[in-house]
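Structure file input-v8.tsv (TSV, C-alpha atoms) is printed below.
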```
chain	number	residue	atom	x	y	z
A	1	MET	CA	33.21	-29.31	-14.76
A	2	THR	CA	31.08	-27.68	-12.02
A	3	LEU	CA	34.13	-26.45	-10.09
A	4	VAL	CA	35.67	-24.98	-13.24
A	5	LEU	CA	32.42	-23.16	-13.98
A	6	LEU	CA	32.21	-21.80	-10.43
A	7	ILE	CA	35.81	-20.55	-10.49
A	8	ALA	CA	35.16	-18.78	-13.78
A	9	MET	CA	32.00	-17.17	-12.41
A	10	MET	CA	33.80	-16.04	-9.23
A	11	PHE	CA	36.28	-14.02	-11.30
A	12	ALA	CA	33.67	-12.68	-13.72
A	13	PRO	CA	33.38	-8.87	-13.63
A	14	GLY	CA	29.55	-8.75	-13.51
A	15	GLY	CA	27.70	-8.72	-10.19
A	16	GLU	CA	25.02	-11.13	-11.42
A	17	GLU	CA	27.58	-13.82	-12.25
A	18	SER	CA	29.24	-13.40	-8.85
A	19	PHE	CA	25.91	-13.69	-7.03
A	20	VAL	CA	25.08	-16.88	-8.94
A	21	ALA	CA	28.47	-18.25	-7.94
A	22	ALA	CA	27.80	-17.42	-4.26
A	23	ARG	CA	24.42	-19.12	-4.44
A	24	GLU	CA	26.00	-22.24	-5.94
A	25	LEU	CA	28.68	-22.26	-3.24
A	26	TYR	CA	25.96	-22.04	-0.58
A	27	ALA	CA	24.23	-25.05	-2.14
A	28	LEU	CA	27.57	-26.91	-1.93
A	29	ALA	CA	27.86	-25.96	1.80
A	30	ALA	CA	30.92	-23.77	1.05
A	31	TYR	CA	29.56	-21.05	3.29
A	32	GLU	CA	32.79	-19.12	3.99
A	33	ASP	CA	33.59	-18.90	0.26
A	34	ALA	CA	30.02	-17.79	-0.48
A	35	LEU	CA	30.29	-15.04	2.14
A	36	LYS	CA	33.52	-13.72	0.61
A	37	ILE	CA	31.80	-13.32	-2.74
A	38	LEU	CA	28.70	-11.72	-1.24
A	39	ASP	CA	30.83	-9.21	0.70
A	40	SER	CA	32.68	-8.24	-2.48
A	41	LEU	CA	29.59	-7.44	-4.55
A	42	PRO	CA	29.29	-3.77	-5.67
A	43	ALA	CA	26.98	-1.43	-3.77
A	44	ASN	CA	25.34	0.11	-6.85
A	45	ARG	CA	22.80	-2.66	-7.43
A	46	THR	CA	19.02	-2.77	-7.52
A	47	ALA	CA	16.96	-3.09	-4.34
A	48	GLU	CA	15.95	-6.63	-5.32
A	49	ASP	CA	19.60	-7.65	-5.83
A	50	ILE	CA	20.57	-6.20	-2.45
A	51	LYS	CA	17.70	-8.04	-0.73
A	52	ALA	CA	18.70	-11.34	-2.35
A	53	THR	CA	22.31	-10.79	-1.25
A	54	GLU	CA	21.28	-10.16	2.37
A	55	GLN	CA	19.10	-13.28	2.33
A	56	TYR	CA	21.99	-15.50	1.31
A	57	ARG	CA	24.36	-13.75	3.72
A	58	ALA	CA	21.94	-14.54	6.56
A	59	LEU	CA	21.61	-18.16	5.47
A	60	CYS	CA	25.39	-18.59	5.31
A	61	LEU	CA	25.90	-17.01	8.74
A	62	LEU	CA	23.21	-19.22	10.26
A	63	ALA	CA	24.80	-22.30	8.73
A	64	LEU	CA	28.15	-21.26	10.26
A	65	GLY	CA	26.59	-20.76	13.72
A	66	ARG	CA	27.31	-17.00	13.77
A	67	GLY	CA	23.96	-16.17	15.35
A	68	ALA	CA	24.41	-12.47	16.23
A	69	GLU	CA	25.69	-11.59	12.75
A	70	ALA	CA	22.93	-13.68	11.18
A	71	GLU	CA	20.27	-11.83	13.19
A	72	THR	CA	21.60	-8.49	11.91
A	73	ALA	CA	21.50	-9.76	8.33
A	74	ILE	CA	17.97	-11.16	8.77
A	75	ALA	CA	16.80	-7.84	10.22
A	76	ALA	CA	18.16	-6.10	7.11
A	77	VAL	CA	16.16	-8.49	4.91
A	78	ILE	CA	12.95	-7.96	6.87
A	79	SER	CA	13.33	-4.16	6.94
A	80	ARG	CA	13.42	-4.25	3.13
A	81	ASP	CA	10.55	-6.73	2.83
A	82	PRO	CA	8.60	-7.46	6.07
A	83	ARG	CA	6.55	-10.12	4.26
A	84	TYR	CA	9.60	-12.18	3.27
A	85	ARG	CA	9.81	-15.78	4.46
A	86	PRO	CA	12.59	-18.23	3.55
A	87	SER	CA	11.70	-20.94	1.08
A	88	ALA	CA	10.51	-24.36	2.24
A	89	ASP	CA	13.78	-26.02	1.28
A	90	VAL	CA	15.84	-24.31	4.03
A	91	SER	CA	16.33	-26.05	7.36
A	92	PRO	CA	13.78	-25.72	10.21
A	93	ARG	CA	16.45	-24.01	12.30
A	94	MET	CA	16.83	-21.29	9.69
A	95	ARG	CA	13.08	-20.79	9.35
A	96	THR	CA	12.83	-20.50	13.15
A	97	ALA	CA	15.57	-17.86	13.18
A	98	PHE	CA	13.71	-15.80	10.59
A	99	THR	CA	10.46	-16.12	12.58
A	100	ASP	CA	12.17	-14.97	15.81
A	101	VAL	CA	13.68	-11.91	14.15
A	102	ARG	CA	10.40	-11.03	12.41
A	103	ARG	CA	8.59	-11.04	15.77
A	104	LYS	CA	11.23	-8.69	17.22
A	105	THR	CA	11.46	-6.23	14.32
A	106	MET	CA	7.98	-6.07	12.79
A	107	PRO	CA	6.27	-4.05	15.60
A	108	ALA	CA	8.71	-1.20	14.98
A	109	ILE	CA	8.15	-1.47	11.21
A	110	VAL	CA	4.36	-1.30	11.70
A	111	GLN	CA	4.69	1.86	13.82
A	112	GLN	CA	7.09	3.41	11.30
A	113	TRP	CA	4.75	2.69	8.37
A	114	TYR	CA	1.76	4.05	10.32
A	115	THR	CA	3.67	7.29	11.02
A	116	GLN	CA	4.52	7.63	7.31
A	117	ALA	CA	0.91	6.95	6.27
A	118	LYS	CA	-0.43	9.51	8.77
A	119	ALA	CA	2.02	12.11	7.43
A	120	GLN	CA	0.76	11.40	3.88
A	121	PHE	CA	-2.83	11.74	5.11
A	122	ASP	CA	-2.03	15.10	6.77
A	123	ARG	CA	-0.51	16.28	3.46
A	124	LYS	CA	-3.79	15.20	1.74
A	125	GLU	CA	-1.95	12.54	-0.28
A	126	PHE	CA	-4.99	10.33	0.15
A	127	ALA	CA	-4.19	7.64	-2.45
A	128	ALA	CA	-0.71	6.99	-1.03
A	129	ALA	CA	-2.03	7.15	2.55
A	130	ALA	CA	-4.85	4.67	1.89
A	131	SER	CA	-2.42	2.24	0.27
A	132	LEU	CA	0.07	2.44	3.14
A	133	PHE	CA	-2.64	2.18	5.82
A	134	ASN	CA	-3.83	-1.01	4.09
A	135	GLN	CA	-0.26	-2.34	4.19
A	136	VAL	CA	-0.08	-1.54	7.92
A	137	LEU	CA	-3.30	-3.50	8.51
A	138	GLY	CA	-1.96	-6.34	6.36
A	139	LEU	CA	1.22	-6.57	8.44
A	140	MET	CA	-0.79	-6.70	11.66
A	141	ALA	CA	-2.67	-9.70	10.27
A	142	ASP	CA	0.61	-11.58	9.81
A	143	PRO	CA	0.68	-14.78	11.94
A	144	ASP	CA	4.07	-13.84	13.44
A	145	LEU	CA	2.62	-10.55	14.70
A	146	GLN	CA	-0.71	-11.79	16.11
A	147	ALA	CA	0.37	-11.74	19.76
A	148	ALA	CA	1.79	-8.20	19.58
A	149	ALA	CA	-1.10	-6.90	17.43
A	150	ALA	CA	-3.68	-8.04	20.00
A	151	GLN	CA	-2.44	-5.65	22.69
A	152	PRO	CA	-1.38	-1.97	22.94
A	153	PRO	CA	0.21	-0.14	21.30
A	154	LEU	CA	-0.43	-2.12	18.11
A	155	SER	CA	-4.09	-2.85	18.90
A	156	ASP	CA	-4.66	0.91	19.19
A	157	LEU	CA	-2.79	1.50	15.92
A	158	ARG	CA	-5.02	-1.07	14.19
A	159	THR	CA	-8.13	0.96	15.10
A	160	LEU	CA	-6.51	4.24	14.07
A	161	ALA	CA	-5.15	2.84	10.81
A	162	SER	CA	-8.56	1.41	9.91
A	163	GLY	CA	-10.28	4.74	10.61
A	164	PHE	CA	-7.77	6.85	8.68
A	165	ARG	CA	-7.79	4.33	5.81
A	166	ASP	CA	-11.56	4.75	5.49
A	167	LEU	CA	-11.27	8.54	5.59
A	168	ALA	CA	-8.55	8.52	2.92
A	169	GLU	CA	-10.59	6.23	0.67
A	170	SER	CA	-13.68	8.38	1.16
A	171	ALA	CA	-11.71	11.48	0.23
A	172	LEU	CA	-10.79	9.85	-3.08
A	173	THR	CA	-14.47	9.30	-4.01
A	174	PRO	CA	-16.51	12.40	-3.06
A	175	PRO	CA	-20.29	12.15	-3.56
A	176	PRO	CA	-21.52	13.04	-7.10
A	177	LEU	CA	-23.09	16.43	-7.73
A	178	PRO	CA	-26.91	16.41	-7.99
A	179	SER	CA	-28.26	16.82	-11.51
A	180	SER	CA	-31.16	19.07	-12.52
A	181	PRO	CA	-32.45	20.10	-15.97
A	182	THR	CA	-33.11	23.67	-14.71
A	183	LEU	CA	-29.73	24.56	-13.22
A	184	THR	CA	-28.66	28.13	-13.87
A	185	GLY	CA	-25.09	29.23	-14.37
A	186	ALA	CA	-24.88	30.62	-10.85
A	187	THR	CA	-26.31	27.42	-9.34
A	188	THR	CA	-23.86	25.30	-11.31
A	189	ALA	CA	-20.95	27.45	-10.13
A	190	SER	CA	-22.04	27.10	-6.49
A	191	LEU	CA	-22.31	23.32	-6.83
A	192	LEU	CA	-18.83	23.11	-8.32
A	193	ALA	CA	-17.31	25.21	-5.55
A	194	PRO	CA	-15.12	23.15	-3.21
A	195	GLY	CA	-16.75	22.03	0.02
A	196	PRO	CA	-16.04	19.73	2.94
A	197	ILE	CA	-15.25	16.08	2.16
A	198	VAL	CA	-18.03	13.81	3.42
A	199	PRO	CA	-16.92	10.24	4.13
A	200	ALA	CA	-19.12	7.40	2.87
A	201	VAL	CA	-18.67	5.52	6.16
A	202	TYR	CA	-17.86	7.32	9.41
A	203	THR	CA	-15.62	5.96	12.18
A	204	SER	CA	-14.49	6.99	15.64
A	205	ALA	CA	-11.74	9.04	13.96
A	206	ASN	CA	-14.38	11.60	12.87
A	207	THR	CA	-14.65	14.35	15.47
A	208	ASP	CA	-18.20	15.42	14.51
A	209	ILE	CA	-19.79	11.98	14.84
A	210	VAL	CA	-22.24	10.75	17.47
A	211	PRO	CA	-21.60	6.96	17.53
A	212	PRO	CA	-24.47	4.47	17.30
A	213	ILE	CA	-26.16	3.31	20.51
A	214	VAL	CA	-26.67	-0.41	21.06
A	215	VAL	CA	-30.26	-1.60	21.01
A	216	ARG	CA	-29.56	-5.27	20.41
A	217	GLN	CA	-26.03	-6.72	20.17
A	218	GLU	CA	-25.79	-10.27	21.44
A	219	LEU	CA	-22.84	-12.55	20.71
A	220	PRO	CA	-23.33	-16.31	20.40
A	221	ALA	CA	-21.81	-18.65	22.97
A	222	PHE	CA	-18.46	-20.17	22.07
A	223	PRO	CA	-19.09	-23.75	20.84
A	224	GLY	CA	-17.47	-26.39	23.05
A	225	ARG	CA	-14.77	-25.53	25.55
A	226	THR	CA	-11.49	-23.66	25.24
A	227	LEU	CA	-8.51	-24.16	27.53
A	228	ILE	CA	-6.73	-20.98	26.46
A	229	GLY	CA	-7.82	-17.37	26.06
A	230	LYS	CA	-8.69	-16.19	22.57
A	231	ARG	CA	-9.13	-12.61	21.36
A	232	GLY	CA	-10.69	-11.32	18.17
A	233	VAL	CA	-12.13	-8.25	16.50
A	234	LEU	CA	-15.56	-8.15	14.85
A	235	GLU	CA	-16.10	-5.14	12.58
A	236	VAL	CA	-19.61	-4.10	11.44
A	237	VAL	CA	-20.97	-1.30	9.26
A	238	VAL	CA	-24.16	0.11	10.81
A	239	ASP	CA	-26.38	1.78	8.19
A	240	GLU	CA	-28.58	4.88	8.50
A	241	ASN	CA	-31.47	2.75	9.81
A	242	GLY	CA	-29.39	1.22	12.61
A	243	ASP	CA	-29.15	-2.20	10.95
A	244	VAL	CA	-25.89	-4.05	10.27
A	245	GLU	CA	-25.07	-3.68	6.58
A	246	SER	CA	-21.94	-5.85	6.59
A	247	ALA	CA	-19.71	-7.70	9.05
A	248	THR	CA	-16.15	-9.03	8.95
A	249	MET	CA	-13.63	-10.57	11.37
A	250	PRO	CA	-10.30	-8.75	10.73
A	251	GLN	CA	-8.88	-10.58	13.76
A	252	THR	CA	-10.30	-14.10	13.88
A	253	ILE	CA	-10.95	-16.35	16.88
A	254	ALA	CA	-11.80	-19.71	15.32
A	255	PRO	CA	-13.42	-20.46	11.92
A	256	GLN	CA	-16.55	-22.03	13.44
A	257	TYR	CA	-17.07	-19.21	15.94
A	258	ASP	CA	-16.27	-16.51	13.35
A	259	ARG	CA	-19.17	-17.76	11.21
A	260	LEU	CA	-21.51	-17.79	14.22
A	261	ALA	CA	-20.54	-14.26	15.26
A	262	ILE	CA	-20.92	-12.82	11.74
A	263	GLY	CA	-24.29	-14.58	11.36
A	264	ALA	CA	-25.51	-13.15	14.68
A	265	THR	CA	-24.96	-9.57	13.46
A	266	LYS	CA	-27.92	-9.93	11.05
A	267	SER	CA	-30.29	-9.54	14.04
A	268	TRP	CA	-28.36	-6.69	15.73
A	269	HIS	CA	-29.85	-3.21	15.86
A	270	TYR	CA	-28.68	0.24	16.96
A	271	GLN	CA	-29.78	3.79	17.14
A	272	PRO	CA	-27.85	4.99	14.07
A	273	ALA	CA	-24.84	7.25	14.25
A	274	THR	CA	-25.54	10.90	13.45
A	275	VAL	CA	-23.74	13.99	12.21
A	276	ASN	CA	-25.55	17.23	13.03
A	277	GLY	CA	-28.64	15.12	13.74
A	278	VAL	CA	-28.56	13.35	10.35
A	279	PRO	CA	-28.22	9.51	10.40
A	280	VAL	CA	-25.06	8.23	8.69
A	281	LYS	CA	-23.25	4.95	8.15
A	282	TYR	CA	-20.69	4.01	10.81
A	283	ARG	CA	-17.92	1.39	11.02
A	284	LYS	CA	-17.83	-0.10	14.53
A	285	SER	CA	-15.15	-2.43	15.95
A	286	ILE	CA	-16.04	-4.88	18.72
A	287	GLN	CA	-13.26	-6.51	20.74
A	288	ILE	CA	-14.16	-10.12	21.67
A	289	THR	CA	-12.34	-12.10	24.36
A	290	VAL	CA	-13.01	-15.82	24.88
A	291	THR	CA	-11.65	-17.14	28.19
A	292	PRO	CA	-11.91	-20.66	29.57
A	293	ASN	CA	-14.82	-19.48	31.74
A	294	ALA	CA	-16.54	-16.66	29.90
A	295	LEU	CA	-17.15	-14.68	26.71
A	296	GLN	CA	-16.53	-10.93	26.92
A	297	ARG	CA	-16.92	-8.08	24.48
A	298	ASP	CA	-15.72	-4.46	24.50
```
Spit out the file's structure as structure tokens when you get a sec.
Amino acid sequence: MTLVLLIAMMFAPGGEESFVAARELYALAAYEDALKILDSLPANRTAEDIKATEQYRALCLLALGRGAEAETAIAAVISRDPRYRPSADVSPRMRTAFTDVRRKTMPAIVQQWYTQAKAQFDRKEFAAAASLFNQVLGLMADPDLQAAAAQPPLSDLRTLASGFRDLAESALTPPPLPSSPTLTGATTASLLAPGPIVPAVYTSANTDIVPPIVVRQELPAFPGRTLIGKRGVLEVVVDENGDVESATMPQTIAPQYDRLAIGATKSWHYQPATVNGVPVKYRKSIQITVTPNALQRD
């Protein structure tokens, strides 16, 4: 009965029925037959349908040992959805192949997305730019990209993307106009006139900023011993008084040490950042390197 159903679906005119037939043939290990159906599917389908087709084409090619063709198909899947991972029911060999291709292709995707986001920012499309910068930062937090993201050029892009993301978000929420019961018409008109956008939190991307100066910034010792080097990024927001308002670890080192480092920031102090002599909030990134013999910070 199953074979009769599959044959009927293979000759059905609709693309959905043909794709279901190919998926069933893959499950039955009929990989060559599944590939023939996938290759015959029409081109005018939705993006989701095309992605699903490329996923099954890659799985079939991997199962047939056609590694180079499979890598091309996997790269097509990842270019459409860099976050895609095969389901848990596929073989370890197939999951490894996807991981290898993701590590090769994702750095280029990150740089491409950053370029697109920066172009949106330059066109003052701040909502779209902020969203895409956040996606860039999300990709660089992917486990398969950790090694590449910890060193240039991606480590530099992480800092730039974070700074431009903050500027874009600040541009979307300008400070409210002051209220006064005695405003005249002329005063109201002057207040409503467009002026420069003032970010809520400044970063190194701002050209008019004088960064904060360290008064006290001590990192805790790494608990225990480590036999391999570890790198992380601690990000703090320094308020107008020079105190740390908030702290996060966008690039973690180890859960226990992350908690110690974030806790230590409560006692840190700086001379606050300034713009034209006025103290402002500032987002500061601190690179932390744990080696078998020492703890370093940049």
Within 9 Å of region 143-156 of chain A, which residues of region 227-282 of chain A come that close, and what is the closest atom pair and distance in Å for each? Count all atoms listed in the file and give it as a Markdown table.
```
| residue | atom | partner | partner_atom | distance |
| --- | --- | --- | --- | --- |
| A:Arg231 | CA | A:Ala150 | CA | 7.2 |
| A:Gly232 | CA | A:Ala150 | CA | 8.0 |
| A:Gln251 | CA | A:Ala150 | CA | 8.5 |
```
Tell me, counting all atoms listed in the file, for each residue of region 96-140 of chain A within 10 Å of region 161-166 of chain A, which pair of atoms is nearest and how far apart they are in Å to one decimal, in rows ordered by chain and increasing number, as a tab-separated table.
```
residue	atom	partner	partner_atom	distance
A:Tyr114	CA	A:Ala161	CA	7.0
A:Thr115	CA	A:Ala161	CA	9.9
A:Ala117	CA	A:Ala161	CA	8.6
A:Lys118	CA	A:Phe164	CA	7.8
A:Phe121	CA	A:Phe164	CA	7.8
A:Phe126	CA	A:Arg165	CA	8.7
A:Ala127	CA	A:Arg165	CA	9.6
A:Ala129	CA	A:Arg165	CA	7.2
A:Ala130	CA	A:Arg165	CA	4.9
A:Ser131	CA	A:Arg165	CA	8.0
A:Leu132	CA	A:Arg165	CA	8.5
A:Phe133	CA	A:Arg165	CA	5.6
A:Asn134	CA	A:Arg165	CA	6.9
A:Gln135	CA	A:Ala161	CA	9.7
A:Val136	CA	A:Ala161	CA	7.3
A:Leu137	CA	A:Ala161	CA	7.0
```
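The space separating CA of Ser87 (chain A) from CA of Thr99 (chain A) comes to 12.5 Å.
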Enclose the full set of atoms of region 199-205 of chain A listed in the file within a box whose edges lie along x, y and z, apply 8 Å of padding to each of the six sides, and report centre and edge lengths in Å to one decimal as lines of an AutoDock Vina configuration file.
```
center_x = -15.4
center_y = 7.9
center_z = 9.3
size_x = 23.4
size_y = 20.7
size_z = 28.8
```
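Minimum distance to Ala22 (chain A) across A:Gly224, A:Asn44, A:Glu240, A:Cys60 (counting all atoms listed in the file) occurs at A:Cys60.
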Within 12 Å of Asp100 (chain A), counting only C-alpha atoms, which residues qualify if same-chain residues fewer than 3 places away don't, as a PyMOL selection string?
chain A and resi 67+70-71+74-75+78+85+93-97+103-106+144-145
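With distances restricted to all atoms listed in the file, A:Val110 is the closest residue to Asp142 (chain A) from A:Leu25, A:Val275, A:Ile209, A:Val110.
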